[in-house]
Amino acid sequence: MQSDPGQEPSPYVNGFRSSIPYINAHRGKTFVVAFPGEAVDAPRFPQLIQDVVLLHSLGIRVVLVHGARPQIDQRLQESQLPIQIEYHRRVTDLNSLHAVTEAIGRTAIQVQSQLVQSMAAAHLNPANSVVSTGNYVVAKPYGVHNGIDYQHSGEVRKLRHDAIHQQLNNGHLVLLSPLGYSPTGESFNLLWEEVAEAAATSLKADKIIYFNGNEGILDTNGNLIRELTVPEANTLIAAQDLPHYTLISARDAVVKGINRAHVISYHHDGALLQELFTLDGTGTLITQQTYEKVRLAGVDDVASLLELIEPLEQQGVLVRRSRELLENEIEHFTLIERDDKIIACAALYPFPNEHCGELACVVVHPEYRQGNRGDTLLKAIEQRALMLGLNSLFVLTTRTAHWFMERGFCSAAISELPQHRQSLYNYQRNSKVFVKRLTAER
Ligand SMILES: CC(C)(COP(=O)(O)OP(=O)(O)OC[C@H]1O[C@@H](n2cnc3c(N)ncnc32)[C@H](O)[C@@H]1OP(=O)(O)O)[C@@H](O)C(=O)NCCC(=O)NCCS
């Protein structure tokens, strides 16, 4: 059967194409992916592991961390041993230690076997089909807290990060369990969240991804929160009756320098791929509070804006704008403010009928260059444009062509500009035109 040459590509083709920037951005990066024991028993667990193997196949350095709490509870019940959890942490006495290590060991084997199956199904080459486990986590006793002796429950003392890096360099996937050993050879039951956080910080991971039973982090009314900064996470934790331990761990990982922590659901088939390879994601993203604020401009900003852009107008880099014009157009501007000072700006002039917008007046104060602020502004403008239903941006520039080209803009003809903008084109200035189709990274 011959296909219709005018036929639209399938959603699969579109989806695959639009994931390319994310695939390239993530390749070679280190991601810690962590899930609780509940995920291992969830119906979607095989798909979760399949997606982890997909990340591994795409050249992402994956460190997987599993929990085993329900499996340990079950093993203790079978042995008629008491289950004691205090402040989210198990009390592990010597009698229950055997059951605890056995349950963790069994769960680790279950995870490995699922990984091996998925690796075989993915036809990975033998060198990349190795799941590395070992004594990577050095632990110490958690000790006595609030009068409770946690005995064989411990906390992470350090991670043998060099050994893990070596495994990742060899193309292996590393699996960590909630179990650590003291240098004297004693074993300690650990919190999977703490193992994950320690792994992410000591390996200087690019991301940490936590699976949990909800779609992500929920607010006090049970609604999904899409993005949280550290101060917002602190406010939410303070408002919770029962602190959400995954949120606490994610917040701590970000405070310790991990740029992005994601919380997604192990019930949601494909949540990991959607979170990492699409614009919208599915769960909650936790990031640092930026002490610099990106915000829309208002009339009070006109004087500071003039101060920022005038030197560039004098150099002929920017078209001259009078104070009156700037006052009229101020709502088109997005700013970066630092300690009440405007240090960067960019403007978006929408052309709603043509579903495009003009990006103009992109400026970073010379003292604040070399800090990716131009990229931050561009991203903010792109998001604003997407919210306005625009699907491309164009820019006219005389001297900054390559800066835009390096950020996905392509050369275009004057005739491709909206009709009204063509009529305003200044042939004497002879600016070059560049266009960018809009997609954004999560
Ligand atoms: C373009 C601009 C906003 C980027 O600010 P920034 O995010 O702080 O980035 P930097 O100035 O540190 O430059 C980042 C990179 O872009 C390059 N770059 C800067 N200006 C450039 C230009 N005019 N053409 C090509 N590349 C440029 C830098 O060399 C640097 O590359 P490198 O990292 O490989 O060395 C800033 O350089 C600026 O304000 N320039 C003057 C105003 C301007 O030209 N605006 C565009 C007209 S609308």
# chains A, B, ... in the order shown; residues from 1 in each chain; ligands from 1

$ residues_around --residues "Leu306 in chain A" --least-positions-apart "3" --cutoff "12 Å" --atoms "only C-alpha atoms" --output "list in words"
Val299, Asp300, Asp301, Val302, Ala303, Ile309, Glu310, Pro311, Leu312, Glu313, Gln314, Leu318, Arg320, Arg321, Ser322, Arg323, Glu324, Leu325, Leu326, Glu327, Ile330, Ile342, Ile343, Ala344, Cys345, Cys361, Val363 and His365 of chain A

$ residues_near_ligand --ligand "ligand 1" --cutoff "10 Å" --atoms "only C-alpha atoms and all ligand atoms" --output "NGL selection string"
:A and (308-309 or 311-313 or 315-319 or 343-347 or 359-378 or 395-407)

$ write_last_selection --atoms "C-alpha atoms" --output "short mmCIF file (atom, residue, chain, number, x, y, z; two decimals), in the first residue's frame"
data_model
loop_
_atom_site.label_atom_id
_atom_site.label_comp_id
_atom_site.auth_asym_id
_atom_site.auth_seq_id
_atom_site.Cartn_x
_atom_site.Cartn_y
_atom_site.Cartn_z
CA LEU A 308 20.57 48.89 31.09
CA ILE A 309 19.87 49.28 27.39
CA PRO A 311 24.82 51.86 26.31
CA LEU A 312 23.90 49.20 23.73
CA GLU A 313 21.69 51.64 21.83
CA GLN A 315 26.82 51.21 20.27
CA GLY A 316 24.15 50.51 17.62
CA VAL A 317 23.57 46.96 18.92
CA LEU A 318 19.97 47.78 19.81
CA VAL A 319 17.41 50.01 18.12
CA ILE A 343 20.55 43.13 35.40
CA ALA A 344 19.01 41.66 32.24
CA CYS A 345 15.99 41.98 29.99
CA ALA A 346 14.29 40.63 26.90
CA ALA A 347 11.05 41.56 25.15
CA LEU A 359 12.08 38.35 20.54
CA ALA A 360 13.84 41.66 20.96
CA CYS A 361 16.11 43.67 23.20
CA VAL A 362 17.95 40.72 24.78
CA VAL A 363 20.50 42.28 27.10
CA VAL A 364 22.58 41.10 30.03
CA HIS A 365 24.43 43.78 31.98
CA PRO A 366 28.15 43.41 31.09
CA GLU A 367 29.11 42.74 34.73
CA TYR A 368 26.71 39.80 34.86
CA ARG A 369 27.57 38.03 31.61
CA GLN A 370 29.05 34.52 31.49
CA GLY A 371 26.33 33.25 33.83
CA ASN A 372 23.84 31.77 31.33
CA ARG A 373 21.42 34.60 32.04
CA GLY A 374 20.79 35.06 28.32
CA ASP A 375 19.65 31.42 28.24
CA THR A 376 17.47 31.93 31.32
CA LEU A 377 15.75 34.88 29.65
CA LEU A 378 15.34 33.03 26.38
CA VAL A 395 14.52 37.81 16.05
CA LEU A 396 16.17 40.58 14.02
CA THR A 397 19.82 41.10 14.81
CA THR A 398 22.84 42.85 13.35
CA ARG A 399 25.64 41.48 15.56
CA THR A 400 24.40 38.60 17.64
CA ALA A 401 23.49 36.12 14.91
CA HIS A 402 25.66 33.30 16.17
CA TRP A 403 24.43 33.58 19.72
CA PHE A 404 20.90 32.94 18.47
CA MET A 405 21.95 30.23 16.00
CA GLU A 406 23.68 28.35 18.82
CA ARG A 407 20.33 28.35 20.60
#

$ closest_residue --among "A:Val116, A:Ile60, A:Ala198, A:Glu331" --to "Tyr22 in chain A" --atoms "only C-alpha atoms"
A:Ile60

$ select_by_dssp --residues "range 95-257 of chain A" --states "strand (DSSP E or B)" --output "count of residues only"
42

$ select_by_dssp --residues "range 146-346 of chain A" --states "helix (DSSP H, G or I)" --output "number ranges by chain"
A: 161-169, 192-202, 230-239, 245-255, 271-277, 299-314, 323-332

$ closest_residue --among "A:Val91, A:Leu388, A:Leu424, A:Ile209" --to "Tyr266 in chain A" --atoms "only C-alpha atoms"
A:Ile209

$ closest_residue --among "A:Leu176, A:Leu54, A:Leu438, A:Met119" --to "Cys356 in chain A" --atoms "only C-alpha atoms"
A:Leu438

$ residues_around --residues "Val255 in chain A" --least-positions-apart "2" --cutoff "10 Å" --atoms "only C-alpha atoms" --output "JSON, numbers by chain"
{"A": [201, 230, 249, 250, 251, 252, 253, 257, 258, 259, 287, 288, 289]}

$ write_last_selection --atoms "C-alpha atoms" --output "compact mmCIF listing (two decimals), in the first residue's frame"
# COMPACT_ATOMS: atom_id res chain seq x y z
CA THR A 201 25.62 13.96 46.31
CA VAL A 230 13.62 24.72 48.25
CA SER A 249 15.12 13.78 50.95
CA ALA A 250 14.56 15.51 47.58
CA ARG A 251 14.80 18.91 49.24
CA ASP A 252 18.03 17.92 51.03
CA ALA A 253 19.56 16.58 47.80
CA GLY A 257 23.91 20.77 45.16
CA ILE A 258 21.88 18.41 42.96
CA ASN A 259 20.28 20.71 40.39
CA THR A 287 14.95 22.99 42.30
CA GLN A 288 17.08 25.55 44.13
CA GLN A 289 15.57 28.88 44.92

$ atom_distance --atom1 "CA of Leu285 in chain A" --atom2 "CA of Tyr210 in chain A"
10.4 Å

$ residues_around --residues "Val63 in chain A" --least-positions-apart "6" --cutoff "12 Å" --atoms "only C-alpha atoms" --output "PyMOL selection string"
chain A and resi 29-35+52-53+55-56+131-133+136+161+164-165+167-168+171-177+195-200+202-210

$ write_last_selection --atoms "N, CA and C atoms" --output "short mmCIF file (atom, residue, chain, number, x, y, z; two decimals), in the first residue's frame"
data_model
loop_
_atom_site.label_atom_id
_atom_site.label_comp_id
_atom_site.auth_asym_id
_atom_site.auth_seq_id
_atom_site.Cartn_x
_atom_site.Cartn_y
_atom_site.Cartn_z
N LYS A 29 25.09 11.85 31.30
CA LYS A 29 24.80 12.43 32.61
C LYS A 29 24.57 11.31 33.63
N THR A 30 24.74 11.62 34.89
CA THR A 30 24.54 10.63 35.96
C THR A 30 23.18 10.88 36.63
N PHE A 31 22.33 9.87 36.60
CA PHE A 31 21.02 9.98 37.25
C PHE A 31 20.92 8.91 38.34
N VAL A 32 20.48 9.33 39.50
CA VAL A 32 20.15 8.35 40.55
C VAL A 32 18.64 8.15 40.50
N VAL A 33 18.23 6.91 40.33
CA VAL A 33 16.79 6.60 40.23
C VAL A 33 16.45 5.71 41.43
N ALA A 34 15.52 6.16 42.27
CA ALA A 34 15.27 5.44 43.53
C ALA A 34 13.79 5.13 43.68
N PHE A 35 13.50 3.95 44.22
CA PHE A 35 12.10 3.59 44.44
C PHE A 35 11.94 2.81 45.73
N VAL A 52 13.95 2.16 32.93
CA VAL A 52 15.29 2.39 33.49
C VAL A 52 16.34 1.86 32.53
N VAL A 53 16.09 0.68 31.97
CA VAL A 53 17.02 0.07 31.01
C VAL A 53 17.10 0.93 29.73
N LEU A 55 16.89 4.20 29.69
CA LEU A 55 17.81 5.30 30.04
C LEU A 55 19.25 4.82 29.91
N HIS A 56 19.50 3.64 30.47
CA HIS A 56 20.84 3.05 30.43
C HIS A 56 21.28 2.86 28.97
N VAL A 131 24.75 -5.70 35.74
CA VAL A 131 24.21 -4.97 36.89
C VAL A 131 25.23 -5.14 38.00
N SER A 132 25.77 -4.00 38.46
CA SER A 132 26.84 -4.09 39.45
C SER A 132 26.27 -3.84 40.84
N THR A 133 26.49 -4.80 41.75
CA THR A 133 26.10 -4.62 43.16
C THR A 133 27.36 -4.86 43.98
N TYR A 136 29.21 -0.99 48.30
CA TYR A 136 29.49 0.41 47.97
C TYR A 136 29.12 1.38 49.10
N HIS A 161 32.50 6.14 46.09
CA HIS A 161 32.08 6.74 44.81
C HIS A 161 33.05 6.44 43.67
N ILE A 164 32.09 3.17 42.25
CA ILE A 164 30.84 3.27 41.48
C ILE A 164 31.12 3.94 40.13
N HIS A 165 31.91 5.03 40.15
CA HIS A 165 32.24 5.71 38.89
C HIS A 165 32.92 4.75 37.92
N GLN A 167 32.51 1.56 37.69
CA GLN A 167 31.48 0.67 37.12
C GLN A 167 30.69 1.41 36.03
N LEU A 168 30.34 2.67 36.32
CA LEU A 168 29.57 3.45 35.34
C LEU A 168 30.41 3.71 34.09
N GLY A 171 30.30 1.11 31.61
CA GLY A 171 29.00 0.90 30.95
C GLY A 171 28.07 0.01 31.76
N HIS A 172 28.36 -0.17 33.06
CA HIS A 172 27.50 -1.01 33.89
C HIS A 172 26.43 -0.16 34.57
N LEU A 173 25.34 -0.83 34.93
CA LEU A 173 24.30 -0.17 35.71
C LEU A 173 24.53 -0.56 37.17
N VAL A 174 24.49 0.40 38.07
CA VAL A 174 24.80 0.11 39.48
C VAL A 174 23.51 0.04 40.28
N LEU A 175 23.37 -1.01 41.09
CA LEU A 175 22.19 -1.17 41.94
C LEU A 175 22.62 -1.11 43.41
N LEU A 176 21.98 -0.21 44.16
CA LEU A 176 22.29 -0.08 45.59
C LEU A 176 21.07 -0.50 46.42
N SER A 177 21.33 -1.20 47.53
CA SER A 177 20.26 -1.65 48.43
C SER A 177 20.28 -0.82 49.70
N VAL A 195 20.09 6.51 51.15
CA VAL A 195 21.10 5.91 50.26
C VAL A 195 21.10 6.67 48.93
N ALA A 196 19.90 6.95 48.42
CA ALA A 196 19.77 7.64 47.13
C ALA A 196 20.39 9.04 47.22
N GLU A 197 20.05 9.74 48.30
CA GLU A 197 20.56 11.11 48.46
C GLU A 197 22.09 11.11 48.58
N ALA A 198 22.61 10.17 49.36
CA ALA A 198 24.07 10.09 49.53
C ALA A 198 24.73 9.73 48.20
N ALA A 199 24.09 8.84 47.43
CA ALA A 199 24.66 8.45 46.13
C ALA A 199 24.69 9.67 45.22
N ALA A 200 23.58 10.40 45.17
CA ALA A 200 23.50 11.55 44.27
C ALA A 200 24.55 12.60 44.64
N SER A 202 27.38 12.27 46.54
CA SER A 202 28.80 11.89 46.45
C SER A 202 29.21 11.62 45.01
N LEU A 203 28.26 11.23 44.15
CA LEU A 203 28.62 11.02 42.74
C LEU A 203 28.47 12.30 41.92
N LYS A 204 28.01 13.37 42.60
CA LYS A 204 27.72 14.65 41.92
C LYS A 204 26.79 14.40 40.72
N ALA A 205 25.70 13.72 41.01
CA ALA A 205 24.74 13.35 39.96
C ALA A 205 24.08 14.60 39.39
N ASP A 206 23.60 14.47 38.17
CA ASP A 206 22.91 15.59 37.52
C ASP A 206 21.45 15.65 37.94
N LYS A 207 20.89 14.49 38.28
CA LYS A 207 19.49 14.44 38.69
C LYS A 207 19.31 13.33 39.70
N ILE A 208 18.29 13.49 40.54
CA ILE A 208 17.84 12.38 41.38
C ILE A 208 16.34 12.24 41.12
N ILE A 209 15.90 11.02 40.91
CA ILE A 209 14.49 10.78 40.60
C ILE A 209 13.94 9.79 41.60
N TYR A 210 12.90 10.20 42.32
CA TYR A 210 12.28 9.34 43.32
C TYR A 210 10.94 8.88 42.78
#

$ residues_around --residues "Ala42 in chain A" --least-positions-apart "5" --cutoff "10 Å" --atoms "only C-alpha atoms" --output "CSV table (one decimal) with C-alpha atoms, in the first residue's frame"
chain,number,residue,atom,x,y,z
A,37,GLY,CA,9.9,-1.6,48.2
A,48,LEU,CA,9.4,0.8,35.3
A,213,GLY,CA,2.8,6.1,45.3
A,266,TYR,CA,5.4,4.1,40.2
A,267,HIS,CA,1.8,3.4,39.3

$ residues_around --residues "Asn212 in chain A" --least-positions-apart "4" --cutoff "8 Å" --atoms "only C-alpha atoms" --output "PDB file with N, CA and C atoms, in the first residue's frame"
ATOM      1  N   PHE A  35      13.502   3.951  44.225  1.00  0.00           N
ATOM      2  CA  PHE A  35      12.097   3.594  44.445  1.00  0.00           C
ATOM      3  C   PHE A  35      11.944   2.809  45.733  1.00  0.00           C
ATOM      4  N   PRO A  36      10.768   2.891  46.365  1.00  0.00           N
ATOM      5  CA  PRO A  36      10.542   2.148  47.600  1.00  0.00           C
ATOM      6  C   PRO A  36      10.219   0.685  47.306  1.00  0.00           C
ATOM      7  N   ALA A  39       7.140  -0.255  45.240  1.00  0.00           N
ATOM      8  CA  ALA A  39       7.187  -0.212  43.768  1.00  0.00           C
ATOM      9  C   ALA A  39       7.492  -1.592  43.200  1.00  0.00           C
ATOM     10  N   GLY A 216       3.122  12.705  42.287  1.00  0.00           N
ATOM     11  CA  GLY A 216       4.300  13.540  42.605  1.00  0.00           C
ATOM     12  C   GLY A 216       4.108  14.017  44.031  1.00  0.00           C
ATOM     13  N   THR A 246      10.058  11.444  51.312  1.00  0.00           N
ATOM     14  CA  THR A 246      10.647  11.570  49.969  1.00  0.00           C
ATOM     15  C   THR A 246      10.885  13.052  49.659  1.00  0.00           C
ATOM     16  N   VAL A 263      10.026  13.897  41.579  1.00  0.00           N
ATOM     17  CA  VAL A 263       9.234  12.882  42.281  1.00  0.00           C
ATOM     18  C   VAL A 263       8.102  12.470  41.348  1.00  0.00           C
ATOM     19  N   ILE A 264       8.057  11.170  41.016  1.00  0.00           N
ATOM     20  CA  ILE A 264       7.052  10.673  40.067  1.00  0.00           C
ATOM     21  C   ILE A 264       6.406   9.404  40.614  1.00  0.00           C
ATOM     22  N   SER A 265       5.406   8.902  39.894  1.00  0.00           N
ATOM     23  CA  SER A 265       4.624   7.782  40.420  1.00  0.00           C
ATOM     24  C   SER A 265       5.047   6.433  39.835  1.00  0.00           C
ATOM     25  N   TYR A 266       5.114   5.412  40.718  1.00  0.00           N
ATOM     26  CA  TYR A 266       5.412   4.070  40.200  1.00  0.00           C
ATOM     27  C   TYR A 266       4.155   3.375  39.681  1.00  0.00           C
TER      28      TYR A 266
END

$ closest_residue --among "A:His123, A:Arg90, A:Arg260, A:Lys341" --to "Gln151 in chain A" --atoms "only C-alpha atoms"
A:Arg90

$ residues_around --residues "range 140-143 of chain A" --least-positions-apart "4" --cutoff "10 Å" --atoms "only C-alpha atoms" --output "NGL selection string"
:A and (89 or 91 or 147-158 or 180-183 or 186-190)

$ write_last_selection --atoms "N, CA and C atoms" --output "PDB file, in the first residue's frame"
ATOM      1  N   ARG A  89      11.868   5.510  60.832  1.00  0.00           N
ATOM      2  CA  ARG A  89      13.028   4.626  60.743  1.00  0.00           C
ATOM      3  C   ARG A  89      12.774   3.349  61.543  1.00  0.00           C
ATOM      4  N   VAL A  91      13.448   0.159  63.854  1.00  0.00           N
ATOM      5  CA  VAL A  91      14.352  -0.258  64.928  1.00  0.00           C
ATOM      6  C   VAL A  91      14.705  -1.716  64.623  1.00  0.00           C
ATOM      7  N   GLY A 147      15.688   8.716  73.127  1.00  0.00           N
ATOM      8  CA  GLY A 147      15.688   7.572  74.049  1.00  0.00           C
ATOM      9  C   GLY A 147      15.524   6.219  73.365  1.00  0.00           C
ATOM     10  N   ILE A 148      15.361   6.228  72.027  1.00  0.00           N
ATOM     11  CA  ILE A 148      15.166   4.951  71.317  1.00  0.00           C
ATOM     12  C   ILE A 148      16.506   4.506  70.727  1.00  0.00           C
ATOM     13  N   ASP A 149      16.898   3.284  71.043  1.00  0.00           N
ATOM     14  CA  ASP A 149      18.131   2.743  70.462  1.00  0.00           C
ATOM     15  C   ASP A 149      17.777   2.009  69.172  1.00  0.00           C
ATOM     16  N   TYR A 150      18.232   2.525  68.073  1.00  0.00           N
ATOM     17  CA  TYR A 150      17.856   1.947  66.777  1.00  0.00           C
ATOM     18  C   TYR A 150      18.715   0.733  66.410  1.00  0.00           C
ATOM     19  N   GLN A 151      19.682   0.428  67.213  1.00  0.00           N
ATOM     20  CA  GLN A 151      20.535  -0.765  67.106  1.00  0.00           C
ATOM     21  C   GLN A 151      21.101  -1.003  65.689  1.00  0.00           C
ATOM     22  N   HIS A 152      20.560  -1.988  64.972  1.00  0.00           N
ATOM     23  CA  HIS A 152      21.143  -2.276  63.649  1.00  0.00           C
ATOM     24  C   HIS A 152      20.503  -1.480  62.508  1.00  0.00           C
ATOM     25  N   SER A 153      19.845  -0.389  62.846  1.00  0.00           N
ATOM     26  CA  SER A 153      19.462   0.561  61.800  1.00  0.00           C
ATOM     27  C   SER A 153      20.557   1.612  61.769  1.00  0.00           C
ATOM     28  N   GLY A 154      20.943   1.978  60.581  1.00  0.00           N
ATOM     29  CA  GLY A 154      22.088   2.876  60.489  1.00  0.00           C
ATOM     30  C   GLY A 154      21.845   4.065  59.606  1.00  0.00           C
ATOM     31  N   GLU A 155      22.903   4.798  59.369  1.00  0.00           N
ATOM     32  CA  GLU A 155      22.865   5.874  58.384  1.00  0.00           C
ATOM     33  C   GLU A 155      24.132   5.785  57.540  1.00  0.00           C
ATOM     34  N   VAL A 156      24.081   6.449  56.386  1.00  0.00           N
ATOM     35  CA  VAL A 156      25.198   6.344  55.453  1.00  0.00           C
ATOM     36  C   VAL A 156      26.398   7.103  56.025  1.00  0.00           C
ATOM     37  N   ARG A 157      27.543   6.417  56.058  1.00  0.00           N
ATOM     38  CA  ARG A 157      28.765   7.100  56.516  1.00  0.00           C
ATOM     39  C   ARG A 157      29.499   7.653  55.301  1.00  0.00           C
ATOM     40  N   LYS A 158      29.631   6.870  54.304  1.00  0.00           N
ATOM     41  CA  LYS A 158      30.159   7.369  53.023  1.00  0.00           C
ATOM     42  C   LYS A 158      29.867   6.374  51.912  1.00  0.00           C
ATOM     43  N   GLY A 180      24.017  -1.240  54.519  1.00  0.00           N
ATOM     44  CA  GLY A 180      25.409  -0.798  54.474  1.00  0.00           C
ATOM     45  C   GLY A 180      26.224  -1.597  55.469  1.00  0.00           C
ATOM     46  N   TYR A 181      27.527  -1.532  55.293  1.00  0.00           N
ATOM     47  CA  TYR A 181      28.417  -2.289  56.166  1.00  0.00           C
ATOM     48  C   TYR A 181      29.366  -1.328  56.853  1.00  0.00           C
ATOM     49  N   SER A 182      29.613  -1.586  58.151  1.00  0.00           N
ATOM     50  CA  SER A 182      30.614  -0.774  58.845  1.00  0.00           C
ATOM     51  C   SER A 182      31.980  -1.363  58.522  1.00  0.00           C
ATOM     52  N   PRO A 183      33.042  -0.579  58.687  1.00  0.00           N
ATOM     53  CA  PRO A 183      34.368  -1.125  58.386  1.00  0.00           C
ATOM     54  C   PRO A 183      34.672  -2.383  59.205  1.00  0.00           C
ATOM     55  N   GLU A 186      29.938  -5.114  60.368  1.00  0.00           N
ATOM     56  CA  GLU A 186      28.544  -5.209  60.827  1.00  0.00           C
ATOM     57  C   GLU A 186      27.622  -4.683  59.729  1.00  0.00           C
ATOM     58  N   SER A 187      26.416  -5.263  59.605  1.00  0.00           N
ATOM     59  CA  SER A 187      25.485  -4.715  58.610  1.00  0.00           C
ATOM     60  C   SER A 187      24.433  -3.843  59.273  1.00  0.00           C
ATOM     61  N   PHE A 188      23.982  -2.851  58.523  1.00  0.00           N
ATOM     62  CA  PHE A 188      22.985  -1.906  59.021  1.00  0.00           C
ATOM     63  C   PHE A 188      21.890  -1.686  57.998  1.00  0.00           C
ATOM     64  N   ASN A 189      20.659  -1.689  58.494  1.00  0.00           N
ATOM     65  CA  ASN A 189      19.503  -1.380  57.665  1.00  0.00           C
ATOM     66  C   ASN A 189      19.442   0.143  57.483  1.00  0.00           C
ATOM     67  N   LEU A 190      19.291   0.571  56.230  1.00  0.00           N
ATOM     68  CA  LEU A 190      19.300   2.013  55.929  1.00  0.00           C
ATOM     69  C   LEU A 190      17.987   2.432  55.284  1.00  0.00           C
TER      70      LEU A 190
END

$ closest_residue --among "A:Val433, A:Asp93, A:Pro43, A:Pro70" --to "Ser415 in chain A" --atoms "only C-alpha atoms"
A:Val433

$ atom_distance --atom1 "CA of Gln112 in chain A" --atom2 "CA of Leu58 in chain A"
19.3 Å

$ closest_residue --among "A:Arg384, A:Ile217, A:Asn353, A:Lys379" --to "Gln419 in chain A" --atoms "only C-alpha atoms"
A:Asn353
